[in-house]
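S.K.: Input structure: my_file.pdb, which contains PDB, N, CA and C atoms.
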```
ATOM      1  N   SER A 308     -10.519 -12.673   3.758
ATOM      2  CA  SER A 308      -9.348 -13.447   4.146
ATOM      3  C   SER A 308      -8.321 -12.527   4.811
ATOM      4  N   ASP A 309      -7.354 -13.121   5.462
ATOM      5  CA  ASP A 309      -6.293 -12.332   6.112
ATOM      6  C   ASP A 309      -5.543 -11.461   5.101
ATOM      7  N   ILE A 310      -5.294 -12.013   3.923
ATOM      8  CA  ILE A 310      -4.547 -11.259   2.913
ATOM      9  C   ILE A 310      -5.355 -10.046   2.451
ATOM     10  N   ASP A 311      -6.656 -10.225   2.266
ATOM     11  CA  ASP A 311      -7.496  -9.098   1.851
ATOM     12  C   ASP A 311      -7.536  -8.017   2.928
ATOM     13  N   ILE A 312      -7.603  -8.420   4.191
ATOM     14  CA  ILE A 312      -7.616  -7.462   5.299
ATOM     15  C   ILE A 312      -6.294  -6.701   5.352
ATOM     16  N   GLN A 313      -5.182  -7.434   5.265
ATOM     17  CA  GLN A 313      -3.866  -6.801   5.328
ATOM     18  C   GLN A 313      -3.642  -5.882   4.126
ATOM     19  N   THR A 314      -4.049  -6.331   2.946
ATOM     20  CA  THR A 314      -3.887  -5.518   1.743
ATOM     21  C   THR A 314      -4.721  -4.245   1.852
ATOM     22  N   GLY A 315      -5.951  -4.380   2.312
ATOM     23  CA  GLY A 315      -6.811  -3.215   2.491
ATOM     24  C   GLY A 315      -6.223  -2.208   3.462
ATOM     25  N   ASP A 316      -5.638  -2.712   4.537
ATOM     26  CA  ASP A 316      -5.010  -1.822   5.522
ATOM     27  C   ASP A 316      -3.822  -1.076   4.904
ATOM     28  N   ILE A 317      -3.025  -1.781   4.118
ATOM     29  CA  ILE A 317      -1.871  -1.157   3.464
ATOM     30  C   ILE A 317      -2.341  -0.091   2.470
ATOM     31  N   VAL A 318      -3.364  -0.416   1.688
ATOM     32  CA  VAL A 318      -3.899   0.548   0.724
ATOM     33  C   VAL A 318      -4.398   1.787   1.461
ATOM     34  N   ARG A 319      -5.143   1.602   2.537
ATOM     35  CA  ARG A 319      -5.671   2.734   3.304
ATOM     36  C   ARG A 319      -4.540   3.608   3.825
ATOM     37  N   ARG A 320      -3.474   2.970   4.333
ATOM     38  CA  ARG A 320      -2.340   3.742   4.857
ATOM     39  C   ARG A 320      -1.653   4.559   3.762
ATOM     40  N   PHE A 321      -1.450   3.935   2.597
ATOM     41  CA  PHE A 321      -0.858   4.678   1.476
ATOM     42  C   PHE A 321      -1.782   5.806   1.035
ATOM     43  N   ARG A 322      -3.086   5.512   0.960
ATOM     44  CA  ARG A 322      -4.052   6.530   0.540
ATOM     45  C   ARG A 322      -4.034   7.708   1.505
ATOM     46  N   ASP A 323      -4.008   7.403   2.805
ATOM     47  CA  ASP A 323      -3.933   8.467   3.807
ATOM     48  C   ASP A 323      -2.624   9.246   3.699
ATOM     49  N   HIS A 324      -1.539   8.535   3.455
ATOM     50  CA  HIS A 324      -0.221   9.161   3.365
ATOM     51  C   HIS A 324      -0.153  10.202   2.246
ATOM     52  N   VAL A 325      -0.826   9.906   1.142
ATOM     53  CA  VAL A 325      -0.802  10.849   0.018
ATOM     54  C   VAL A 325      -2.016  11.787   0.040
ATOM     55  N   ASN A 326      -2.742  11.758   1.156
ATOM     56  CA  ASN A 326      -3.890  12.661   1.366
ATOM     57  C   ASN A 326      -4.953  12.557   0.280
ATOM     58  N   VAL A 327      -5.316  11.319  -0.061
ATOM     59  CA  VAL A 327      -6.386  11.084  -1.025
ATOM     60  C   VAL A 327      -7.568  10.475  -0.264
ATOM     61  N   SER A 328      -8.724  11.078  -0.402
ATOM     62  CA  SER A 328      -9.911  10.563   0.286
ATOM     63  C   SER A 328     -10.422   9.298  -0.402
ATOM     64  N   GLN A 329     -11.225   8.531   0.336
ATOM     65  CA  GLN A 329     -11.864   7.363  -0.281
ATOM     66  C   GLN A 329     -12.714   7.794  -1.459
ATOM     67  N   ALA A 330     -13.445   8.886  -1.285
ATOM     68  CA  ALA A 330     -14.329   9.355  -2.352
ATOM     69  C   ALA A 330     -13.535   9.697  -3.613
ATOM     70  N   LYS A 331     -12.407  10.383  -3.451
ATOM     71  CA  LYS A 331     -11.575  10.773  -4.599
ATOM     72  C   LYS A 331     -10.986   9.549  -5.293
ATOM     73  N   LEU A 332     -10.431   8.620  -4.506
ATOM     74  CA  LEU A 332      -9.838   7.423  -5.110
ATOM     75  C   LEU A 332     -10.912   6.585  -5.795
ATOM     76  N   ALA A 333     -12.054   6.430  -5.156
ATOM     77  CA  ALA A 333     -13.139   5.661  -5.764
ATOM     78  C   ALA A 333     -13.566   6.300  -7.087
ATOM     79  N   HIS A 334     -13.688   7.609  -7.091
ATOM     80  CA  HIS A 334     -14.058   8.315  -8.322
ATOM     81  C   HIS A 334     -13.017   8.074  -9.405
ATOM     82  N   ASP A 335     -11.734   8.205  -9.049
ATOM     83  CA  ASP A 335     -10.656   8.000 -10.018
ATOM     84  C   ASP A 335     -10.621   6.568 -10.552
ATOM     85  N   LEU A 336     -11.047   5.609  -9.726
ATOM     86  CA  LEU A 336     -11.048   4.197 -10.128
ATOM     87  C   LEU A 336     -12.350   3.799 -10.823
ATOM     88  N   ASP A 337     -13.321   4.719 -10.826
ATOM     89  CA  ASP A 337     -14.644   4.468 -11.401
ATOM     90  C   ASP A 337     -15.367   3.325 -10.672
ATOM     91  N   ILE A 338     -15.229   3.340  -9.332
ATOM     92  CA  ILE A 338     -15.961   2.402  -8.481
ATOM     93  C   ILE A 338     -16.675   3.228  -7.411
ATOM     94  N   SER A 339     -17.598   2.609  -6.684
ATOM     95  CA  SER A 339     -18.302   3.346  -5.634
ATOM     96  C   SER A 339     -17.428   3.450  -4.384
ATOM     97  N   ARG A 340     -17.660   4.492  -3.593
ATOM     98  CA  ARG A 340     -16.931   4.649  -2.346
ATOM     99  C   ARG A 340     -17.222   3.489  -1.390
ATOM    100  N   PRO A 341     -18.496   3.022  -1.276
ATOM    101  CA  PRO A 341     -18.732   1.858  -0.408
ATOM    102  C   PRO A 341     -17.956   0.606  -0.835
ATOM    103  N   PHE A 342     -17.801   0.410  -2.155
ATOM    104  CA  PHE A 342     -17.023  -0.741  -2.626
ATOM    105  C   PHE A 342     -15.561  -0.609  -2.213
ATOM    106  N   LEU A 343     -14.995   0.583  -2.370
ATOM    107  CA  LEU A 343     -13.612   0.808  -1.940
ATOM    108  C   LEU A 343     -13.487   0.593  -0.438
ATOM    109  N   CYS A 344     -14.455   1.068   0.312
ATOM    110  CA  CYS A 344     -14.454   0.870   1.769
ATOM    111  C   CYS A 344     -14.434  -0.622   2.101
ATOM    112  N   GLN A 345     -15.258  -1.403   1.405
ATOM    113  CA  GLN A 345     -15.286  -2.856   1.635
ATOM    114  C   GLN A 345     -13.944  -3.495   1.292
ATOM    115  N   LEU A 346     -13.299  -3.031   0.239
ATOM    116  CA  LEU A 346     -11.971  -3.547  -0.104
ATOM    117  C   LEU A 346     -10.973  -3.221   1.004
ATOM    118  N   GLU A 347     -10.991  -1.976   1.476
ATOM    119  CA  GLU A 347     -10.037  -1.573   2.511
ATOM    120  C   GLU A 347     -10.270  -2.312   3.819
ATOM    121  N   LEU A 348     -11.495  -2.704   4.079
ATOM    122  CA  LEU A 348     -11.803  -3.447   5.310
ATOM    123  C   LEU A 348     -11.589  -4.950   5.156
ATOM    124  N   GLY A 349     -11.267  -5.394   3.947
ATOM    125  CA  GLY A 349     -11.060  -6.820   3.713
ATOM    126  C   GLY A 349     -12.354  -7.594   3.564
ATOM    127  N   GLU A 350     -13.446  -6.883   3.315
ATOM    128  CA  GLU A 350     -14.750  -7.531   3.140
ATOM    129  C   GLU A 350     -14.971  -7.985   1.705
ATOM    130  N   ARG A 351     -14.135  -7.526   0.799
ATOM    131  CA  ARG A 351     -14.152  -7.938  -0.609
ATOM    132  C   ARG A 351     -12.768  -8.445  -0.972
ATOM    133  N   THR A 352     -12.710  -9.271  -1.989
ATOM    134  CA  THR A 352     -11.439  -9.837  -2.431
ATOM    135  C   THR A 352     -10.770  -8.914  -3.439
ATOM    136  N   TRP A 353      -9.497  -8.648  -3.198
ATOM    137  CA  TRP A 353      -8.707  -7.826  -4.115
ATOM    138  C   TRP A 353      -8.390  -8.627  -5.372
ATOM    139  N   THR A 354      -8.518  -8.001  -6.517
ATOM    140  CA  THR A 354      -8.082  -8.623  -7.768
ATOM    141  C   THR A 354      -6.754  -7.989  -8.173
ATOM    142  N   VAL A 355      -6.025  -8.682  -8.992
ATOM    143  CA  VAL A 355      -4.762  -8.140  -9.488
ATOM    144  C   VAL A 355      -5.031  -6.844 -10.245
ATOM    145  N   GLU A 356      -6.080  -6.842 -11.053
ATOM    146  CA  GLU A 356      -6.424  -5.648 -11.824
ATOM    147  C   GLU A 356      -6.703  -4.456 -10.906
ATOM    148  N   MET A 357      -7.457  -4.678  -9.828
ATOM    149  CA  MET A 357      -7.776  -3.579  -8.917
ATOM    150  C   MET A 357      -6.521  -3.091  -8.201
ATOM    151  N   LEU A 358      -5.651  -4.013  -7.783
ATOM    152  CA  LEU A 358      -4.398  -3.617  -7.134
ATOM    153  C   LEU A 358      -3.531  -2.776  -8.073
ATOM    154  N   LEU A 359      -3.463  -3.166  -9.336
ATOM    155  CA  LEU A 359      -2.681  -2.415 -10.304
ATOM    156  C   LEU A 359      -3.263  -1.019 -10.515
ATOM    157  N   MET A 360      -4.580  -0.927 -10.586
ATOM    158  CA  MET A 360      -5.230   0.371 -10.769
ATOM    159  C   MET A 360      -4.998   1.274  -9.562
ATOM    160  N   VAL A 361      -5.133   0.720  -8.355
ATOM    161  CA  VAL A 361      -4.920   1.503  -7.136
ATOM    162  C   VAL A 361      -3.471   1.971  -7.060
ATOM    163  N   ALA A 362      -2.541   1.069  -7.334
ATOM    164  CA  ALA A 362      -1.125   1.427  -7.292
ATOM    165  C   ALA A 362      -0.830   2.578  -8.251
ATOM    166  N   THR A 363      -1.387   2.505  -9.446
ATOM    167  CA  THR A 363      -1.177   3.563 -10.428
ATOM    168  C   THR A 363      -1.731   4.889  -9.920
ATOM    169  N   LYS A 364      -2.944   4.869  -9.388
ATOM    170  CA  LYS A 364      -3.565   6.109  -8.905
ATOM    171  C   LYS A 364      -2.832   6.694  -7.699
ATOM    172  N   LEU A 365      -2.259   5.822  -6.845
ATOM    173  CA  LEU A 365      -1.542   6.298  -5.663
ATOM    174  C   LEU A 365      -0.073   6.583  -5.952
ATOM    175  N   GLY A 366       0.386   6.187  -7.145
ATOM    176  CA  GLY A 366       1.766   6.452  -7.531
ATOM    177  C   GLY A 366       2.789   5.588  -6.815
ATOM    178  N   VAL A 367       2.414   4.328  -6.546
ATOM    179  CA  VAL A 367       3.341   3.406  -5.880
ATOM    180  C   VAL A 367       3.479   2.131  -6.710
ATOM    181  N   LYS A 368       4.535   1.385  -6.441
ATOM    182  CA  LYS A 368       4.706   0.087  -7.085
ATOM    183  C   LYS A 368       3.669  -0.875  -6.505
ATOM    184  N   PRO A 369       3.039  -1.694  -7.348
ATOM    185  CA  PRO A 369       2.008  -2.622  -6.862
ATOM    186  C   PRO A 369       2.482  -3.528  -5.729
ATOM    187  N   ALA A 370       3.740  -3.950  -5.767
ATOM    188  CA  ALA A 370       4.258  -4.852  -4.734
ATOM    189  C   ALA A 370       4.200  -4.227  -3.342
ATOM    190  N   LEU A 371       4.255  -2.890  -3.285
ATOM    191  CA  LEU A 371       4.201  -2.213  -1.985
ATOM    192  C   LEU A 371       2.831  -2.322  -1.328
ATOM    193  N   LEU A 372       1.813  -2.680  -2.109
ATOM    194  CA  LEU A 372       0.461  -2.802  -1.564
ATOM    195  C   LEU A 372       0.179  -4.191  -1.003
ATOM    196  N   LEU A 373       1.111  -5.108  -1.177
ATOM    197  CA  LEU A 373       0.917  -6.481  -0.700
ATOM    198  C   LEU A 373       1.597  -6.687   0.643
ATOM    199  N   PRO A 374       0.995  -7.525   1.501
ATOM    200  CA  PRO A 374       1.644  -7.834   2.784
ATOM    201  C   PRO A 374       3.013  -8.459   2.537
ATOM    202  N   ARG A 375       3.941  -8.166   3.422
ATOM    203  CA  ARG A 375       5.321  -8.672   3.260
ATOM    204  C   ARG A 375       5.409 -10.185   3.357
ATOM    205  N   ARG A 376       4.778 -10.749   4.349
ATOM    206  CA  ARG A 376       4.812 -12.200   4.531
ATOM    207  C   ARG A 376       3.420 -12.698   4.827
ATOM    208  N   PRO A 377       2.656 -13.004   3.798
ATOM    209  CA  PRO A 377       1.316 -13.514   4.049
ATOM    210  C   PRO A 377       1.356 -14.770   4.899
ATOM    211  N   LYS A 378       0.347 -14.953   5.722
ATOM    212  CA  LYS A 378       0.311 -16.109   6.623
ATOM    213  C   LYS A 378       0.355 -17.429   5.869
ATOM    214  N   PHE A 379      -0.190 -17.467   4.638
ATOM    215  CA  PHE A 379      -0.177 -18.732   3.915
ATOM    216  C   PHE A 379       1.244 -19.163   3.597
ATOM    217  N   VAL A 380       2.182 -18.239   3.486
ATOM    218  CA  VAL A 380       3.580 -18.597   3.241
ATOM    219  C   VAL A 380       4.139 -19.298   4.469
ATOM    220  N   ASP A 381       3.839 -18.766   5.665
ATOM    221  CA  ASP A 381       4.292 -19.405   6.891
ATOM    222  C   ASP A 381       3.729 -20.823   7.002
ATOM    223  N   ARG A 382       2.451 -20.986   6.684
ATOM    224  CA  ARG A 382       1.835 -22.311   6.759
ATOM    225  C   ARG A 382       2.449 -23.255   5.745
ATOM    226  N   ALA A 383       2.747 -22.751   4.550
ATOM    227  CA  ALA A 383       3.340 -23.599   3.518
ATOM    228  C   ALA A 383       4.712 -24.098   3.968
ATOM    229  N   HIS A 384       5.491 -23.227   4.623
ATOM    230  CA  HIS A 384       6.795 -23.651   5.117
ATOM    231  C   HIS A 384       6.656 -24.667   6.241
ATOM    232  N   ALA A 385       5.620 -24.538   7.056
ATOM    233  CA  ALA A 385       5.417 -25.474   8.157
ATOM    234  C   ALA A 385       5.040 -26.851   7.627
ATOM    235  N   VAL A 386       4.278 -26.881   6.538
ATOM    236  CA  VAL A 386       3.834 -28.158   5.975
ATOM    237  C   VAL A 386       4.936 -28.792   5.140
ATOM    238  N   ALA A 387       5.594 -27.995   4.340
ATOM    239  CA  ALA A 387       6.623 -28.520   3.441
ATOM    240  C   ALA A 387       7.892 -27.684   3.588
ATOM    241  N   PRO A 388       8.728 -28.025   4.577
ATOM    242  CA  PRO A 388       9.951 -27.243   4.764
ATOM    243  C   PRO A 388      10.862 -27.329   3.550
ATOM    244  N   ALA A 389      11.668 -26.308   3.388
ATOM    245  CA  ALA A 389      12.603 -26.267   2.268
ATOM    246  C   ALA A 389      13.558 -27.456   2.361
ATOM    247  N   PRO A 390      13.890 -28.052   1.220
ATOM    248  CA  PRO A 390      14.824 -29.182   1.247
ATOM    249  C   PRO A 390      16.196 -28.725   1.725
ATOM    250  N   GLU A 391      16.872 -29.632   2.423
ATOM    251  CA  GLU A 391      18.207 -29.315   2.924
ATOM    252  C   GLU A 391      19.197 -29.316   1.765
ATOM    253  N   ALA A 392      20.164 -28.462   1.870
ATOM    254  CA  ALA A 392      21.195 -28.406   0.830
ATOM    255  C   ALA A 392      22.040 -29.674   0.900
ATOM    256  N   SER A 393      22.392 -30.177  -0.252
ATOM    257  CA  SER A 393      23.232 -31.366  -0.266
ATOM    258  C   SER A 393      24.678 -30.963   0.030
ATOM    259  N   PRO A 394      25.390 -31.779   0.780
ATOM    260  CA  PRO A 394      26.763 -31.424   1.141
ATOM    261  C   PRO A 394      27.653 -31.355  -0.108
ATOM    262  N   THR A 395      28.579 -30.423  -0.060
ATOM    263  CA  THR A 395      29.529 -30.303  -1.177
ATOM    264  C   THR A 395      30.709 -31.241  -0.922
ATOM    265  N   PRO A 396      31.220 -31.871  -1.960
ATOM    266  CA  PRO A 396      32.348 -32.824  -1.779
ATOM    267  C   PRO A 396      33.645 -32.163  -1.419
TER
END
```
Output the file's structure as structure tokens, nothing else.
M.R.:
Amino acid sequence: SDIDIQTGDIVRRFRDHVNVSQAKLAHDLDISRPFLCQLELGERTWTVEMLLMVATKLGVKPALLLPRRPKFVDRAHAVAPAPEASPTP
């Protein structure tokens, strides 16, 4: 999905920023390097547990690994716009 692709890209950028290889992070997470690669490419679905583990290993807040405005939020606003504020007397 788009969210998995965007999340994987963010994780890869943070991992690169702190100079941690895929092999090292995969080892620290007790997963295979190919599995981590699939996550970073958005070919696998991120779980909350995996995001929390990655955030801990990279030393960042989990929220920083999530896309800022997922596309589903934009679609939700297009389908159901926020209610208008009622006028004050």
S.K.: Using only C-alpha atoms for the distances, tell me which of A:Lys331, A:Val325, A:Pro374, A:Thr314 is nearest to Met357 (chain A).
M.R.: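 Under the stated criterion, the closest residue is A:Thr314.
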S.K.: Go through A:Leu346, A:Phe321, A:Lys368, A:Thr352 one by one, measure the shortest atom-to-atom distance of each to Ala333 (chain A) using only C-alpha atoms, and give the residue with the smallest value.
M.R.: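 Selected residue with least distance to Ala333 (chain A): A:Leu346.
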S.K.: Take CA of Asp337 (chain A) and atom C of Arg375 (chain A) and report the distance between them in Å, one decimal.
M.R.: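 Computing it gives 28.9 Å between the two atoms.
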S.K.: By how many Å are CA of Ile338 (chain A) and atom C of Val318 (chain A) apart?
M.R.: 15.3 Å
S.K.: Name the residues, using the chain letters and numbers of the file, that sit within 8 Å of (-13.9, 7.8, -2.3) when counting all atoms listed in the file, and give them as a list in words.
M.R.: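 The residues near that point, listed by chain and number, are Val327, Ser328, Gln329, Ala330, Lys331, Leu332, Ala333, His334, Asp335, Ile338, Ser339, Arg340, Pro341, Leu343 and Cys344 of chain A.
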S.K.: Take atom N of Val367 (chain A) and CA of Arg322 (chain A) and report the distance between them in Å, one decimal.
M.R.: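 Computing it gives 9.8 Å between the two atoms.
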S.K.: Identify, on the basis of only C-alpha atoms, every residue whose closest approach to Asp316 (chain A) does not exceed 8 Å; exclude the query and any residue fewer than 4 positions from it along the same chain; express the result as a list in words.
M.R.: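 Result of the neighbour search: Ile312, Arg320, Glu347 and Leu348 of chain A.
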S.K.: Residue by residue, what does the PyMOL selection byres ((chain A and resi 310) around 7) grab here? Present the result as a list in words.
M.R.: Ser308, Asp309, Asp311, Ile312, Gln313, Thr314, Gly315, Gly349, Pro374, Pro377 and Lys378 of chain A
S.K.: How about saving the chosen residues, N, CA and C atoms kept, as a PDB file, in the frame of the given file?
M.R.:
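The result, written out as result.pdb:
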```
ATOM      1  N   SER A 308     -10.519 -12.673   3.758  1.00  0.00           N
ATOM      2  CA  SER A 308      -9.348 -13.447   4.146  1.00  0.00           C
ATOM      3  C   SER A 308      -8.321 -12.527   4.811  1.00  0.00           C
ATOM      4  N   ASP A 309      -7.354 -13.121   5.462  1.00  0.00           N
ATOM      5  CA  ASP A 309      -6.293 -12.332   6.112  1.00  0.00           C
ATOM      6  C   ASP A 309      -5.543 -11.461   5.101  1.00  0.00           C
ATOM      7  N   ASP A 311      -6.656 -10.225   2.266  1.00  0.00           N
ATOM      8  CA  ASP A 311      -7.496  -9.098   1.851  1.00  0.00           C
ATOM      9  C   ASP A 311      -7.536  -8.017   2.928  1.00  0.00           C
ATOM     10  N   ILE A 312      -7.603  -8.420   4.191  1.00  0.00           N
ATOM     11  CA  ILE A 312      -7.616  -7.462   5.299  1.00  0.00           C
ATOM     12  C   ILE A 312      -6.294  -6.701   5.352  1.00  0.00           C
ATOM     13  N   GLN A 313      -5.182  -7.434   5.265  1.00  0.00           N
ATOM     14  CA  GLN A 313      -3.866  -6.801   5.328  1.00  0.00           C
ATOM     15  C   GLN A 313      -3.642  -5.882   4.126  1.00  0.00           C
ATOM     16  N   THR A 314      -4.049  -6.331   2.946  1.00  0.00           N
ATOM     17  CA  THR A 314      -3.887  -5.518   1.743  1.00  0.00           C
ATOM     18  C   THR A 314      -4.721  -4.245   1.852  1.00  0.00           C
ATOM     19  N   GLY A 315      -5.951  -4.380   2.312  1.00  0.00           N
ATOM     20  CA  GLY A 315      -6.811  -3.215   2.491  1.00  0.00           C
ATOM     21  C   GLY A 315      -6.223  -2.208   3.462  1.00  0.00           C
ATOM     22  N   GLY A 349     -11.267  -5.394   3.947  1.00  0.00           N
ATOM     23  CA  GLY A 349     -11.060  -6.820   3.713  1.00  0.00           C
ATOM     24  C   GLY A 349     -12.354  -7.594   3.564  1.00  0.00           C
ATOM     25  N   PRO A 374       0.995  -7.525   1.501  1.00  0.00           N
ATOM     26  CA  PRO A 374       1.644  -7.834   2.784  1.00  0.00           C
ATOM     27  C   PRO A 374       3.013  -8.459   2.537  1.00  0.00           C
ATOM     28  N   PRO A 377       2.656 -13.004   3.798  1.00  0.00           N
ATOM     29  CA  PRO A 377       1.316 -13.514   4.049  1.00  0.00           C
ATOM     30  C   PRO A 377       1.356 -14.770   4.899  1.00  0.00           C
ATOM     31  N   LYS A 378       0.347 -14.953   5.722  1.00  0.00           N
ATOM     32  CA  LYS A 378       0.311 -16.109   6.623  1.00  0.00           C
ATOM     33  C   LYS A 378       0.355 -17.429   5.869  1.00  0.00           C
TER      34      LYS A 378
END
```
